[in-house]
Amino acid sequence: MKLSDVLEKKAVIPDLKAGSKPDVISELAETISEVYPNINDERLVEVLMEREKLCSTAVDSGVAIPHAKLSGLTSTIAAFGRSEKGIDFDSLDTKPTHLFIALIAPEHSSGTHIQLLARISKIFRNAELRSRLMKSGSRDEIYEMIILEDAKL
């Protein structure tokens, strides 16, 4: 499965307003519930924050992959957000996080969830892509960059 199979263009936030980890999670959850009205954003915030309590999903190089499993979900979904100013997301390198890819999977899935996490990690390891994403302006432009990079794998 590819990231392009689970990321809708409408779920791309080119300019996150959030100023903290909980705010980022809330903003991503709100966007997901707008795109997928059957998802309760408050419940989604709960499961994403529960996961963050285990260990931060911020990796390094300004990237975080908040992820969780959600009961009642029938397929895996994703959202992307960019913060130009950067957020303290408890990253491994202690630097601000700018790029957020939320991945939400059905409660009893495991293989697809793990494969997509690995794929996302590989996509966003590309320093050139990260740089271009930080310079891009529109939702369309950001979405196309991610999808094109995804297609290369």
# chains A, B, ... in the order shown; residues from 1 in each chain; ligands from 1
call {"tool": "residues_around", "arguments": {"residues": "region 138-148 of chain A", "least_positions_apart": "4", "cutoff": "10 Å", "atoms": "only C-alpha atoms", "output": "tab-separated table (two decimals) with N, CA and C atoms, in the first residue's frame"}}
result
chain	number	residue	atom	x	y	z
A	2	LYS	N	0.43	2.26	-0.71
A	2	LYS	CA	1.17	3.51	-0.83
A	2	LYS	C	0.51	4.60	0.00
A	3	LEU	N	1.27	5.62	0.31
A	3	LEU	CA	0.73	6.77	1.02
A	3	LEU	C	-0.37	7.42	0.19
A	4	SER	N	-0.21	7.39	-1.12
A	4	SER	CA	-1.22	7.97	-2.00
A	4	SER	C	-2.57	7.26	-1.90
A	5	ASP	N	-2.58	6.03	-1.39
A	5	ASP	CA	-3.83	5.28	-1.20
A	5	ASP	C	-4.61	5.76	0.02
A	7	LEU	N	-3.91	9.11	1.69
A	7	LEU	CA	-3.87	10.56	1.90
A	7	LEU	C	-4.72	11.27	0.86
A	8	GLU	N	-5.75	11.96	1.34
A	8	GLU	CA	-6.59	12.78	0.47
A	8	GLU	C	-6.02	14.20	0.42
A	9	LYS	N	-6.13	14.83	-0.74
A	9	LYS	CA	-5.63	16.20	-0.87
A	9	LYS	C	-6.29	17.13	0.15
A	10	LYS	N	-7.58	16.90	0.43
A	10	LYS	CA	-8.30	17.74	1.39
A	10	LYS	C	-7.76	17.59	2.82
A	11	ALA	N	-6.97	16.54	3.06
A	11	ALA	CA	-6.41	16.30	4.39
A	11	ALA	C	-4.99	16.86	4.51
A	12	VAL	N	-4.63	17.77	3.64
A	12	VAL	CA	-3.33	18.43	3.69
A	12	VAL	C	-3.53	19.84	4.25
A	13	ILE	N	-2.79	20.15	5.30
A	13	ILE	CA	-2.87	21.48	5.93
A	13	ILE	C	-1.56	22.20	5.63
A	14	PRO	N	-1.58	23.17	4.72
A	14	PRO	CA	-0.33	23.83	4.35
A	14	PRO	C	0.25	24.75	5.42
A	15	ASP	N	-0.59	25.20	6.36
A	15	ASP	CA	-0.09	26.12	7.39
A	15	ASP	C	-0.80	25.85	8.71
A	80	PHE	N	-1.76	15.34	6.51
A	80	PHE	CA	-0.44	15.97	6.52
A	80	PHE	C	-0.59	17.42	6.94
A	81	GLY	N	0.32	17.88	7.78
A	81	GLY	CA	0.33	19.29	8.16
A	81	GLY	C	1.73	19.84	8.19
A	82	ARG	N	1.84	21.12	7.85
A	82	ARG	CA	3.14	21.79	7.86
A	82	ARG	C	3.07	23.01	8.77
A	120	ILE	N	6.30	5.92	5.01
A	120	ILE	CA	6.30	7.35	5.33
A	120	ILE	C	7.68	7.78	5.82
A	123	ILE	N	9.94	8.01	2.79
A	123	ILE	CA	9.61	9.17	1.95
A	123	ILE	C	10.19	10.45	2.56
A	124	PHE	N	9.97	10.63	3.87
A	124	PHE	CA	10.36	11.88	4.50
A	124	PHE	C	11.81	11.90	4.98
A	129	LEU	N	13.14	16.68	-0.48
A	129	LEU	CA	11.68	16.75	-0.39
A	129	LEU	C	11.27	17.63	0.80
A	130	ARG	N	11.89	17.41	1.96
A	130	ARG	CA	11.55	18.20	3.13
A	130	ARG	C	11.77	19.69	2.87
A	132	ARG	N	11.79	21.24	-0.09
A	132	ARG	CA	10.78	21.71	-1.06
A	132	ARG	C	9.42	21.89	-0.39
A	133	LEU	N	9.07	20.96	0.51
A	133	LEU	CA	7.79	21.07	1.21
A	133	LEU	C	7.74	22.33	2.07
A	134	MET	N	8.85	22.70	2.65
A	134	MET	CA	8.88	23.91	3.48
A	134	MET	C	8.78	25.18	2.64
A	152	LYS	N	7.91	7.08	-6.40
A	152	LYS	CA	9.29	6.67	-6.69
A	152	LYS	C	9.70	5.40	-5.95
A	153	LEU	N	8.98	5.07	-4.87
A	153	LEU	CA	9.36	3.91	-4.06
A	153	LEU	C	8.80	2.62	-4.61
call {"tool": "closest_residue", "arguments": {"among": "A:Ile104, A:Leu92, A:Val59, A:Ala127", "to": "Val45 (chain A)", "atoms": "only C-alpha atoms"}}
result
A:Ile104
call {"tool": "closest_atom_pairs", "arguments": {"of": "region 64-115 of chain A", "to": "region 47-56 of chain A", "cutoff": "8 Å", "atoms": "only C-alpha atoms", "output": "JSON lines"}}
result
{"residue": "A:Pro66", "atom": "CA", "partner": "A:Leu48", "partner_atom": "CA", "distance": 6.6}
{"residue": "A:His67", "atom": "CA", "partner": "A:Leu48", "partner_atom": "CA", "distance": 6.2}
{"residue": "A:Ala68", "atom": "CA", "partner": "A:Leu48", "partner_atom": "CA", "distance": 5.6}
{"residue": "A:Lys69", "atom": "CA", "partner": "A:Val47", "partner_atom": "CA", "distance": 7.3}
{"residue": "A:Leu70", "atom": "CA", "partner": "A:Val47", "partner_atom": "CA", "distance": 7.2}
{"residue": "A:Phe89", "atom": "CA", "partner": "A:Ser56", "partner_atom": "CA", "distance": 7.1}
{"residue": "A:Asp90", "atom": "CA", "partner": "A:Ser56", "partner_atom": "CA", "distance": 6.0}
{"residue": "A:Ser91", "atom": "CA", "partner": "A:Ser56", "partner_atom": "CA", "distance": 6.8}
call {"tool": "residues_around", "arguments": {"residues": "region 18-31 of chain A", "least_positions_apart": "2", "cutoff": "6 Å", "atoms": "only C-alpha atoms", "output": "ChimeraX atom specification"}}
result
/A:16,33-34,41,45,87,89
call {"tool": "closest_residue", "arguments": {"among": "A:Thr112, A:Ser71, A:Ser61, A:Thr94", "to": "Glu128 (chain A)", "atoms": "only C-alpha atoms"}}
result
A:Ser61
call {"tool": "select_by_dssp", "arguments": {"residues": "chain A", "states": "alpha helix (DSSP H)", "output": "MDAnalysis selection string"}}
result
chainID A and resid 21:35 41:54 111:123 127:135 139:152
call {"tool": "select_by_dssp", "arguments": {"residues": "chain A", "states": "strand (DSSP E or B)", "output": "ChimeraX atom specification"}}
result
/A:7-13,58,63-64,67-70,77-87,97-106
call {"tool": "write_last_selection", "arguments": {"atoms": "C-alpha atoms", "output": "short mmCIF file (atom, residue, chain, number, x, y, z; two decimals), in the first residue's frame"}}
result
data_model
loop_
_atom_site.label_atom_id
_atom_site.label_comp_id
_atom_site.auth_asym_id
_atom_site.auth_seq_id
_atom_site.Cartn_x
_atom_site.Cartn_y
_atom_site.Cartn_z
CA LEU A 7 -3.87 10.56 1.90
CA GLU A 8 -6.59 12.78 0.47
CA LYS A 9 -5.63 16.20 -0.87
CA LYS A 10 -8.30 17.74 1.39
CA ALA A 11 -6.41 16.30 4.39
CA VAL A 12 -3.33 18.43 3.69
CA ILE A 13 -2.87 21.48 5.93
CA ALA A 58 8.66 12.87 16.27
CA VAL A 63 9.35 15.21 10.92
CA ALA A 64 6.74 13.56 13.14
CA HIS A 67 -0.22 7.42 14.50
CA ALA A 68 -2.83 5.31 16.20
CA LYS A 69 -5.43 2.63 15.68
CA LEU A 70 -9.08 3.56 15.91
CA ILE A 77 -6.33 7.14 6.47
CA ALA A 78 -3.76 9.92 6.71
CA ALA A 79 -3.40 13.67 7.04
CA PHE A 80 -0.44 15.97 6.52
CA GLY A 81 0.33 19.29 8.16
CA ARG A 82 3.14 21.79 7.86
CA SER A 83 4.22 24.30 10.48
CA GLU A 84 6.53 26.95 9.11
CA LYS A 85 7.55 28.13 12.59
CA GLY A 86 8.03 24.60 13.95
CA ILE A 87 6.63 22.95 17.07
CA THR A 97 9.17 19.71 14.11
CA HIS A 98 7.73 21.18 10.92
CA LEU A 99 6.20 18.29 8.97
CA PHE A 100 3.48 16.07 10.45
CA ILE A 101 2.01 12.97 8.83
CA ALA A 102 -0.83 11.49 10.88
CA LEU A 103 -1.64 7.86 10.14
CA ILE A 104 -4.82 6.28 11.50
CA ALA A 105 -5.46 2.57 11.00
CA PRO A 106 -8.34 0.24 11.85
#
call {"tool": "atom_distance", "arguments": {"atom1": "CA of Leu44 (chain A)", "atom2": "CA of Gly137 (chain A)"}}
result
27.6 Å
call {"tool": "closest_residue", "arguments": {"among": "A:Ser109, A:Asn40, A:Arg119, A:Ser136", "to": "Ser75 (chain A)", "atoms": "only C-alpha atoms"}}
result
A:Ser109
call {"tool": "closest_residue", "arguments": {"among": "A:Asp60, A:Val35, A:Thr76, A:Glu46", "to": "Ser110 (chain A)", "atoms": "only C-alpha atoms"}}
result
A:Thr76
